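A.B. asks: Here you go, upload.pdb (PDB, C-alpha atoms):
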```pdb
ATOM      1  CA  MET A  30     -82.039 -25.911-105.438
ATOM      2  CA  ALA A  31     -85.700 -25.006-105.299
ATOM      3  CA  LEU A  32     -87.931 -22.364-103.793
ATOM      4  CA  GLU A  33     -91.366 -23.208-102.365
ATOM      5  CA  VAL A  34     -93.975 -20.631-103.363
ATOM      6  CA  GLY A  35     -97.725 -21.117-102.939
ATOM      7  CA  GLY A  36     -97.372 -24.894-102.856
ATOM      8  CA  LYS A  37     -95.285 -24.909-106.022
ATOM      9  CA  SER A  38     -91.629 -25.756-106.285
ATOM     10  CA  ILE A  39     -89.604 -23.271-108.347
ATOM     11  CA  GLU A  40     -86.191 -24.362-109.629
ATOM     12  CA  THR A  41     -83.240 -22.094-108.928
ATOM     13  CA  ASP A  42     -79.518 -22.433-109.503
ATOM     14  CA  GLU A  43     -77.067 -22.896-106.638
ATOM     15  CA  GLU A  44     -76.953 -19.146-106.025
ATOM     16  CA  GLY A  45     -80.720 -18.727-105.983
ATOM     17  CA  TYR A  46     -81.335 -17.314-109.458
ATOM     18  CA  LEU A  47     -84.427 -18.666-111.215
ATOM     19  CA  GLU A  48     -83.750 -21.430-113.726
ATOM     20  CA  ASN A  49     -86.756 -20.458-115.810
ATOM     21  CA  ARG A  50     -87.299 -16.724-116.121
ATOM     22  CA  ASP A  51     -90.846 -17.243-117.449
ATOM     23  CA  GLU A  52     -91.986 -18.666-114.103
ATOM     24  CA  TRP A  53     -91.440 -15.322-112.403
ATOM     25  CA  ASP A  54     -94.301 -13.562-110.720
ATOM     26  CA  ILE A  55     -94.688 -11.107-107.878
ATOM     27  CA  GLU A  56     -95.155 -13.855-105.264
ATOM     28  CA  ILE A  57     -91.926 -15.534-106.326
ATOM     29  CA  ALA A  58     -90.179 -12.170-106.173
ATOM     30  CA  LYS A  59     -91.422 -11.700-102.609
ATOM     31  CA  ALA A  60     -90.248 -15.197-101.640
ATOM     32  CA  ILE A  61     -86.767 -14.533-103.030
ATOM     33  CA  ALA A  62     -86.675 -11.231-101.141
ATOM     34  CA  VAL A  63     -87.520 -13.028 -97.900
ATOM     35  CA  ALA A  64     -84.708 -15.504 -98.564
ATOM     36  CA  GLU A  65     -82.397 -12.508 -99.086
ATOM     37  CA  ASN A  66     -83.558 -10.957 -95.795
ATOM     38  CA  LEU A  67     -84.914  -7.920 -97.601
ATOM     39  CA  GLU A  68     -88.039  -6.030 -96.724
ATOM     40  CA  MET A  69     -89.326  -4.776-100.040
ATOM     41  CA  SER A  70     -90.374  -1.118-100.210
ATOM     42  CA  ASP A  71     -91.617   0.868-103.211
ATOM     43  CA  SER A  72     -88.012   1.943-103.774
ATOM     44  CA  HIS A  73     -86.914  -1.697-103.983
ATOM     45  CA  TRP A  74     -89.667  -2.507-106.467
ATOM     46  CA  GLU A  75     -88.723   0.500-108.538
ATOM     47  CA  VAL A  76     -85.235  -0.965-109.073
ATOM     48  CA  VAL A  77     -86.578  -4.491-109.677
ATOM     49  CA  ASN A  78     -89.061  -3.227-112.260
ATOM     50  CA  PHE A  79     -86.373  -1.139-113.881
ATOM     51  CA  LEU A  80     -84.205  -4.249-114.274
ATOM     52  CA  ARG A  81     -87.035  -6.251-115.806
ATOM     53  CA  GLU A  82     -87.619  -3.490-118.359
ATOM     54  CA  TYR A  83     -83.898  -3.306-119.102
ATOM     55  CA  TYR A  84     -83.790  -7.056-119.684
ATOM     56  CA  GLU A  85     -86.860  -6.899-121.917
ATOM     57  CA  GLU A  86     -85.163  -4.296-124.091
ATOM     58  CA  TYR A  87     -81.553  -5.541-124.156
ATOM     59  CA  GLN A  88     -81.805  -9.238-123.197
ATOM     60  CA  ILE A  89     -79.182  -8.868-120.467
ATOM     61  CA  ALA A  90     -79.012  -8.027-116.797
ATOM     62  CA  PRO A  91     -76.688  -5.016-116.608
ATOM     63  CA  ALA A  92     -73.512  -4.838-114.536
ATOM     64  CA  VAL A  93     -73.805  -2.652-111.439
ATOM     65  CA  ARG A  94     -71.906   0.260-112.974
ATOM     66  CA  VAL A  95     -74.264   0.256-115.957
ATOM     67  CA  LEU A  96     -77.305  -0.133-113.737
ATOM     68  CA  THR A  97     -76.272   2.825-111.597
ATOM     69  CA  LYS A  98     -75.796   5.052-114.609
ATOM     70  CA  ALA A  99     -79.051   3.961-116.263
ATOM     71  CA  ILE A 100     -81.058   4.457-113.063
ATOM     72  CA  GLY A 101     -79.563   7.906-112.662
ATOM     73  CA  LYS A 102     -80.707   8.807-116.113
ATOM     74  CA  LYS A 103     -84.220   7.442-115.710
ATOM     75  CA  LEU A 104     -85.023   8.065-112.039
ATOM     76  CA  GLY A 105     -82.731  10.964-111.168
ATOM     77  CA  LYS A 106     -79.250  11.531-109.783
ATOM     78  CA  ASP A 107     -80.391  11.035-106.164
ATOM     79  CA  LYS A 108     -81.144   7.401-107.045
ATOM     80  CA  GLY A 109     -78.409   6.793-109.586
ATOM     81  CA  ASN A 110     -75.582   6.372-107.103
ATOM     82  CA  SER A 111     -74.091   3.367-105.360
ATOM     83  CA  LYS A 112     -74.868   4.631-101.864
ATOM     84  CA  TYR A 113     -78.615   4.712-102.530
ATOM     85  CA  LEU A 114     -78.606   1.364-104.335
ATOM     86  CA  TYR A 115     -76.437  -0.416-101.750
ATOM     87  CA  GLU A 116     -78.689   0.858 -98.976
ATOM     88  CA  LEU A 117     -81.599  -0.862-100.705
ATOM     89  CA  PHE A 118     -79.643  -3.993-101.649
ATOM     90  CA  PRO A 119     -76.700  -4.396 -99.246
ATOM     91  CA  TYR A 120     -75.322  -7.507-100.942
ATOM     92  CA  GLY A 121     -75.013  -5.807-104.316
ATOM     93  CA  PRO A 122     -77.794  -3.991-106.156
ATOM     94  CA  ALA A 123     -77.254  -5.762-109.450
ATOM     95  CA  LYS A 124     -76.953  -9.248-107.935
ATOM     96  CA  GLN A 125     -79.759  -9.059-105.384
ATOM     97  CA  ALA A 126     -82.218  -7.034-107.436
ATOM     98  CA  CYS A 127     -81.643  -9.250-110.491
ATOM     99  CA  LYS A 128     -82.319 -12.321-108.416
ATOM    100  CA  ILE A 129     -85.585 -10.857-107.147
ATOM    101  CA  ALA A 130     -86.473  -9.758-110.675
ATOM    102  CA  GLY A 131     -86.079 -13.361-111.837
ATOM    103  CA  LEU A 132     -83.193 -12.469-114.149
ATOM    104  CA  PRO A 133     -79.872 -14.231-114.632
ATOM    105  CA  LYS A 134     -76.791 -13.062-112.794
ATOM    106  CA  PRO A 135     -75.647  -9.770-114.302
ATOM    107  CA  THR A 136     -73.324  -9.936-117.290
ATOM    108  CA  GLY A 137     -70.007  -8.465-116.273
ATOM    109  CA  CYS A 138     -70.393  -9.461-112.656
ATOM    110  CA  VAL A 139     -67.116 -11.077-111.654
TER
ATOM    111  CA  MET B  22     -53.483   3.086-111.852
ATOM    112  CA  PRO B  23     -52.651   0.230-114.161
ATOM    113  CA  GLU B  24     -51.959   1.251-117.719
ATOM    114  CA  THR B  25     -54.973   1.261-120.051
ATOM    115  CA  LYS B  26     -54.561  -1.032-123.018
ATOM    116  CA  LYS B  27     -56.271  -0.890-126.369
ATOM    117  CA  PHE B  28     -58.407  -3.998-126.794
ATOM    118  CA  LEU B  29     -59.860  -4.931-130.154
ATOM    119  CA  TYR B  30     -62.433  -7.682-130.538
ATOM    120  CA  VAL B  31     -62.567  -8.948-134.107
ATOM    121  CA  ASN B  32     -65.807 -10.653-135.139
ATOM    122  CA  ARG B  33     -65.800 -12.589-138.396
ATOM    123  CA  LYS B  34     -68.513 -15.221-138.067
ATOM    124  CA  ALA B  35     -72.278 -15.295-138.621
ATOM    125  CA  PRO B  36     -74.277 -14.775-135.404
ATOM    126  CA  TYR B  37     -75.805 -18.255-135.238
ATOM    127  CA  GLY B  38     -74.526 -21.713-136.117
ATOM    128  CA  THR B  39     -71.468 -21.339-133.939
ATOM    129  CA  ILE B  40     -71.059 -19.914-130.458
ATOM    130  CA  TYR B  41     -68.367 -17.390-131.426
ATOM    131  CA  ALA B  42     -70.581 -14.313-131.772
ATOM    132  CA  LEU B  43     -72.358 -14.778-128.456
ATOM    133  CA  GLU B  44     -69.135 -15.651-126.639
ATOM    134  CA  SER B  45     -67.417 -12.597-128.063
ATOM    135  CA  LEU B  46     -70.261 -10.342-126.930
ATOM    136  CA  GLU B  47     -70.136 -11.803-123.430
ATOM    137  CA  VAL B  48     -66.389 -11.361-123.184
ATOM    138  CA  VAL B  49     -66.764  -7.753-124.339
ATOM    139  CA  LEU B  50     -69.397  -7.029-121.691
ATOM    140  CA  ILE B  51     -67.383  -8.706-118.953
ATOM    141  CA  GLY B  52     -64.170  -7.028-120.099
ATOM    142  CA  ALA B  53     -65.884  -3.641-120.117
ATOM    143  CA  ALA B  54     -65.936  -3.796-116.323
ATOM    144  CA  PHE B  55     -62.154  -3.419-116.318
ATOM    145  CA  GLU B  56     -62.253   0.027-117.906
ATOM    146  CA  GLN B  57     -59.926  -0.662-120.778
ATOM    147  CA  ASP B  58     -60.065   1.042-124.141
ATOM    148  CA  VAL B  59     -62.345  -1.323-126.055
ATOM    149  CA  SER B  60     -63.103  -1.391-129.779
ATOM    150  CA  LEU B  61     -65.104  -3.893-131.802
ATOM    151  CA  ALA B  62     -64.550  -4.837-135.427
ATOM    152  CA  PHE B  63     -67.054  -6.607-137.654
ATOM    153  CA  LEU B  64     -65.891  -8.119-140.919
ATOM    154  CA  ASP B  65     -66.635 -11.024-143.254
ATOM    155  CA  ASP B  66     -69.852 -12.791-142.118
ATOM    156  CA  GLY B  67     -69.392 -11.072-138.758
ATOM    157  CA  VAL B  68     -71.262  -8.070-140.160
ATOM    158  CA  TYR B  69     -74.449 -10.154-139.942
ATOM    159  CA  GLN B  70     -74.126 -10.085-136.143
ATOM    160  CA  ILE B  71     -75.300  -6.494-136.039
ATOM    161  CA  THR B  72     -77.948  -6.566-138.776
ATOM    162  CA  LYS B  73     -81.485  -5.419-137.985
ATOM    163  CA  GLY B  74     -84.522  -7.665-137.865
ATOM    164  CA  GLN B  75     -82.927 -10.919-136.730
ATOM    165  CA  ASN B  76     -85.457 -13.663-136.074
ATOM    166  CA  THR B  77     -84.283 -16.850-134.400
ATOM    167  CA  LYS B  78     -87.669 -18.459-133.750
ATOM    168  CA  ASP B  79     -87.172 -21.405-136.093
ATOM    169  CA  ILE B  80     -83.651 -22.251-134.944
ATOM    170  CA  GLY B  81     -84.508 -22.406-131.254
ATOM    171  CA  MET B  82     -81.821 -19.956-130.177
ATOM    172  CA  LYS B  83     -82.092 -16.756-128.239
ATOM    173  CA  ASN B  84     -81.941 -13.654-130.424
ATOM    174  CA  PHE B  85     -79.187 -11.796-128.618
ATOM    175  CA  SER B  86     -78.920  -8.955-131.125
ATOM    176  CA  PRO B  87     -80.785  -6.486-128.827
ATOM    177  CA  THR B  88     -77.828  -6.806-126.448
ATOM    178  CA  TYR B  89     -75.519  -4.988-128.907
ATOM    179  CA  LYS B  90     -77.633  -1.911-128.205
ATOM    180  CA  ALA B  91     -76.499  -2.054-124.569
ATOM    181  CA  LEU B  92     -72.829  -1.669-125.564
ATOM    182  CA  GLY B  93     -73.137   2.110-125.340
ATOM    183  CA  ASP B  94     -74.181   1.776-121.690
ATOM    184  CA  TYR B  95     -70.998  -0.233-121.132
ATOM    185  CA  ASP B  96     -68.919   2.595-122.630
ATOM    186  CA  VAL B  97     -68.125   0.523-125.687
ATOM    187  CA  ASN B  98     -68.647   3.032-128.440
ATOM    188  CA  LYS B  99     -66.011   2.343-131.077
ATOM    189  CA  ILE B 100     -67.549  -0.156-133.464
ATOM    190  CA  TYR B 101     -65.802  -0.560-136.797
ATOM    191  CA  VAL B 102     -67.480  -2.284-139.738
ATOM    192  CA  GLU B 103     -65.560  -3.116-142.879
ATOM    193  CA  GLN B 104     -67.005  -1.551-146.023
ATOM    194  CA  GLU B 105     -65.810  -4.358-148.304
ATOM    195  CA  SER B 106     -67.562  -6.990-146.178
ATOM    196  CA  LEU B 107     -70.832  -5.038-146.327
ATOM    197  CA  ASP B 108     -70.504  -4.561-150.101
ATOM    198  CA  ALA B 109     -69.819  -8.251-150.735
ATOM    199  CA  ARG B 110     -73.070  -9.109-148.939
ATOM    200  CA  GLY B 111     -75.218  -6.400-150.485
ATOM    201  CA  LEU B 112     -75.561  -4.637-147.135
ATOM    202  CA  THR B 113     -75.337  -0.964-146.213
ATOM    203  CA  LEU B 114     -75.199   0.975-142.954
ATOM    204  CA  ASP B 115     -79.019   1.140-143.060
ATOM    205  CA  ASP B 116     -79.206  -2.640-142.654
ATOM    206  CA  LEU B 117     -77.312  -2.462-139.359
ATOM    207  CA  LEU B 118     -78.696  -1.906-135.874
ATOM    208  CA  PRO B 119     -78.608   1.753-134.873
ATOM    209  CA  LEU B 120     -75.887   1.489-132.230
ATOM    210  CA  THR B 121     -75.428   4.659-130.230
ATOM    211  CA  TRP B 122     -73.934   5.913-127.005
ATOM    212  CA  GLU B 123     -74.650   8.906-124.818
ATOM    213  CA  ASP B 124     -71.874  11.352-124.119
ATOM    214  CA  GLU B 125     -72.018  12.250-120.454
ATOM    215  CA  ASP B 126     -69.636  15.171-121.051
ATOM    216  CA  ASP B 127     -71.873  16.577-123.769
ATOM    217  CA  ASP B 128     -75.213  16.694-121.918
ATOM    218  CA  TRP B 129     -75.950  13.039-122.785
ATOM    219  CA  ALA B 130     -75.997  13.766-126.499
ATOM    220  CA  GLU B 131     -76.691  10.596-128.467
ATOM    221  CA  LYS B 132     -73.844   9.725-130.798
ATOM    222  CA  GLU B 133     -73.301   7.031-133.410
ATOM    223  CA  SER B 134     -71.018   4.158-132.389
ATOM    224  CA  ILE B 135     -70.651   2.520-135.798
ATOM    225  CA  LYS B 136     -67.971   3.636-138.225
ATOM    226  CA  VAL B 137     -67.841   2.007-141.628
ATOM    227  CA  ILE B 138     -64.207   1.870-142.746
ATOM    228  CA  SER B 139     -62.152   0.346-145.543
ATOM    229  CA  ALA B 140     -60.100  -2.829-145.234
ATOM    230  CA  ALA B 141     -56.947  -0.688-145.292
ATOM    231  CA  GLU B 142     -58.197   1.432-142.370
ATOM    232  CA  MET B 143     -59.203  -1.742-140.546
ATOM    233  CA  ALA B 144     -55.659  -3.048-140.896
ATOM    234  CA  LYS B 145     -54.360   0.145-139.277
ATOM    235  CA  ILE B 146     -56.759  -0.186-136.359
ATOM    236  CA  MET B 147     -55.601  -3.757-135.776
ATOM    237  CA  GLU B 148     -52.007  -2.617-135.915
ATOM    238  CA  GLN B 149     -52.612   0.138-133.352
ATOM    239  CA  SER B 150     -54.297  -2.196-130.853
ATOM    240  CA  ASP B 151     -52.351  -3.674-127.944
ATOM    241  CA  VAL B 152     -54.505  -6.785-127.641
ATOM    242  CA  VAL B 153     -56.542  -8.359-130.442
ATOM    243  CA  PHE B 154     -59.131 -11.040-129.712
ATOM    244  CA  SER B 155     -60.276 -12.911-132.772
ATOM    245  CA  PHE B 156     -63.688 -14.585-132.742
TER
END
```
What does this structure look like when you write it as structure tokens?
C.D. replies:
Amino acid sequence: MALEVGGKSIETDEEGYLENRDEWDIEIAKAIAVAENLEMSDSHWEVVNFLREYYEEYQIAPAVRVLTKAIGKKLGKDKGNSKYLYELFPYGPAKQACKIAGLPKPTGCV
Amino acid sequence: MPETKKFLYVNRKAPYGTIYALESLEVVLIGAAFEQDVSLAFLDDGVYQITKGQNTKDIGMKNFSPTYKALGDYDVNKIYVEQESLDARGLTLDDLLPLTWEDEDDDWAEKESIKVISAAEMAKIMEQSDVVFSF
């Protein structure tokens, strides 16, 4: 599969995750969000940026349970709960936000 | 509620050169989602998996050692390292990654995950486990 962004073709796997993480940029993120039917707000970007930082530090995309806990610690309890995260990313905060962040499918996502 | 079992993942091989170390780590992270009682053991060349300062540039493999630091987030906080294996390789606890976890019930206090134990103690831990995965 491929995603067309700014005249360029970006390779993705069959589920829409980027094949090459280094190709990621903000325009690609926006294009993936459109494909996911998501309108990105600052709150969405906050989660996406959090995931990119997490990956940078630990070299993995965290499972949703881990993401929820880590967000709660960094951004506060009102954001570190599944209700808040599923409202932002209805098809799974870890899966959808990781895809937009250009990361692989979360480890521990079955 | 299904019964919680004691899982022990035994790691004996060097981190690179074979796929065992990376596969083991992935299985641990995936398994952690099932809320079992998970422990990790590092012995023989497996102790190299959690040494500091790994650099994989020249072998063209991803350095996945930072991922061990995420184990605490996955509630995997019982990491046993065999003293004899460290000694035989001239390593000490200071050569290992500082693996910690945060205790939610203790105001997120940061606690050490690694316990260096003797071969005899390691044998006991294996004996007490319900399921042992050997990598």
A.B. asks: Care to translate the ChimeraX specification (/A :<7) & /B into actual residues of this file, as a list in words?
C.D. replies: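 This file, filtered by the ChimeraX specification (/A :<7) & /B, leaves Leu50, Ile51, Ala54, Phe85, Pro87, Thr88, Lys90, Ala91, Asp94 and Tyr95 of chain B.
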A.B. asks: Listed atoms of stretch 88-96 of chain A, axis-aligned box, 6 Å per side: centre and edge lengths to one decimal in Å, as lines of an AutoDock Vina configuration file?
C.D. replies:
```
center_x = -76.9
center_y = -4.5
center_z = -117.3
size_x = 21.9
size_y = 21.5
size_z = 23.8
```
A.B. asks: To one decimal place in Å, what is the distance between atom CA of A:Asn66 and atom CA of A:Gly36?
C.D. replies: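 The value is 20.9 Å.
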A.B. asks: Spell out the residues picked by the PyMOL selection byres ((chain B and resi 154) around 9) here, as a ChimeraX atom specification.
C.D. replies: /B:28-32,45,152-153,155-156
A.B. asks: Need the shell around stretch 79-84 of chain B: protein/DNA/RNA residues with any atom at most 10 Å away, counting all atoms listed in the file. Skip same-chain ones fewer than 6 positions apart. Format as a PyMOL selection string?
C.D. replies: (chain A and resi 88) or (chain B and resi 36-38+43)
A.B. asks: Please indicate the distance in Å from atom CA of B:Ile135 to atom CA of B:Ile100, rounded to one decimal place.
C.D. replies: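 Going from atom CA of B:Ile135 over to atom CA of B:Ile100, I get 4.7 Å.
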A.B. asks: Could you please determine the separation between atom CA of B:Glu24 and atom CA of B:Lys145 in Å, to one decimal place?
C.D. replies: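 These two atoms are separated by 21.7 Å.
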A.B. asks: What lies within 9 Å of stretch 113-117 of chain B using all atoms listed in the file, ignoring chain neighbours under 4 positions off, as a list in words?
C.D. replies: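 Selected residues are Val68, Tyr69, Gln70, Ile71, Thr72, Lys73, Gly74, Val102, Gln104, Leu107, Asp108, Ile135 and Val137 of chain B.
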A.B. asks: Name the residues captured by the PyMOL selection byres ((chain B and resi 93) around 10) when it is applied to the shown file; answer as a list in words.
C.D. replies: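 For this structure, the PyMOL selection byres ((chain B and resi 93) around 10) resolves to Val95 of chain A; Tyr89, Lys90, Ala91, Leu92, Asp94, Tyr95, Asp96, Val97, Asn98, Lys99, Leu120, Thr121, Trp122, Glu123, Asp124, Glu131, Lys132, Glu133 and Ser134 of chain B.
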A.B. asks: Which residues are close to A:His73, i.e. within 9 Å by all atoms listed in the file, leaving aside same-chain residues fewer than 3 positions away? Reply as a list in words.
C.D. replies: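 After dropping sequence-adjacent residues, the list is Glu68, Met69, Ser70, Val76, Val77, Asn78, Leu114, Leu117, Phe118 and Ala126 of chain A.
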A.B. asks: I need the residue nearest B:Glu142 from this list: B:Ala130, B:Ala62, B:Ala35, B:Leu112. Use all atoms listed in the file for the distance.
C.D. replies: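 The answer is B:Ala62, which sits nearest to B:Glu142.
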A.B. asks: Can you tell me which residues surround A:Tyr46 at a distance of at most 9 Å, considering all atoms listed in the file, apart from same-chain residues fewer than 4 positions away, and format the answer as a list in words?
C.D. replies: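 The neighbour list is Glu40, Thr41, Asp42, Arg50, Ile61, Cys127, Lys128, Ile129, Gly131, Leu132, Pro133 and Lys134 of chain A.
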A.B. asks: Would you save the residues of that selection, restricted to C-alpha atoms, as a PDB file, keeping the file's coordinate frame?
C.D. replies:
```
ATOM      1  CA  GLU A  40     -86.191 -24.362-109.629  1.00  0.00           C
ATOM      2  CA  THR A  41     -83.240 -22.094-108.928  1.00  0.00           C
ATOM      3  CA  ASP A  42     -79.518 -22.433-109.503  1.00  0.00           C
ATOM      4  CA  ARG A  50     -87.299 -16.724-116.121  1.00  0.00           C
ATOM      5  CA  ILE A  61     -86.767 -14.533-103.030  1.00  0.00           C
ATOM      6  CA  CYS A 127     -81.643  -9.250-110.491  1.00  0.00           C
ATOM      7  CA  LYS A 128     -82.319 -12.321-108.416  1.00  0.00           C
ATOM      8  CA  ILE A 129     -85.585 -10.857-107.147  1.00  0.00           C
ATOM      9  CA  GLY A 131     -86.079 -13.361-111.837  1.00  0.00           C
ATOM     10  CA  LEU A 132     -83.193 -12.469-114.149  1.00  0.00           C
ATOM     11  CA  PRO A 133     -79.872 -14.231-114.632  1.00  0.00           C
ATOM     12  CA  LYS A 134     -76.791 -13.062-112.794  1.00  0.00           C
TER      13      LYS A 134
END
```
A.B. asks: Neighbours of A:Ile100 within 10 Å (all atoms listed in the file; same-chain residues fewer than 6 positions away dropped), as a list in words?
C.D. replies: Glu75, Val76, Phe79, Leu80, Lys106, Asp107, Lys108, Gly109, Asn110 and Leu114 of chain A
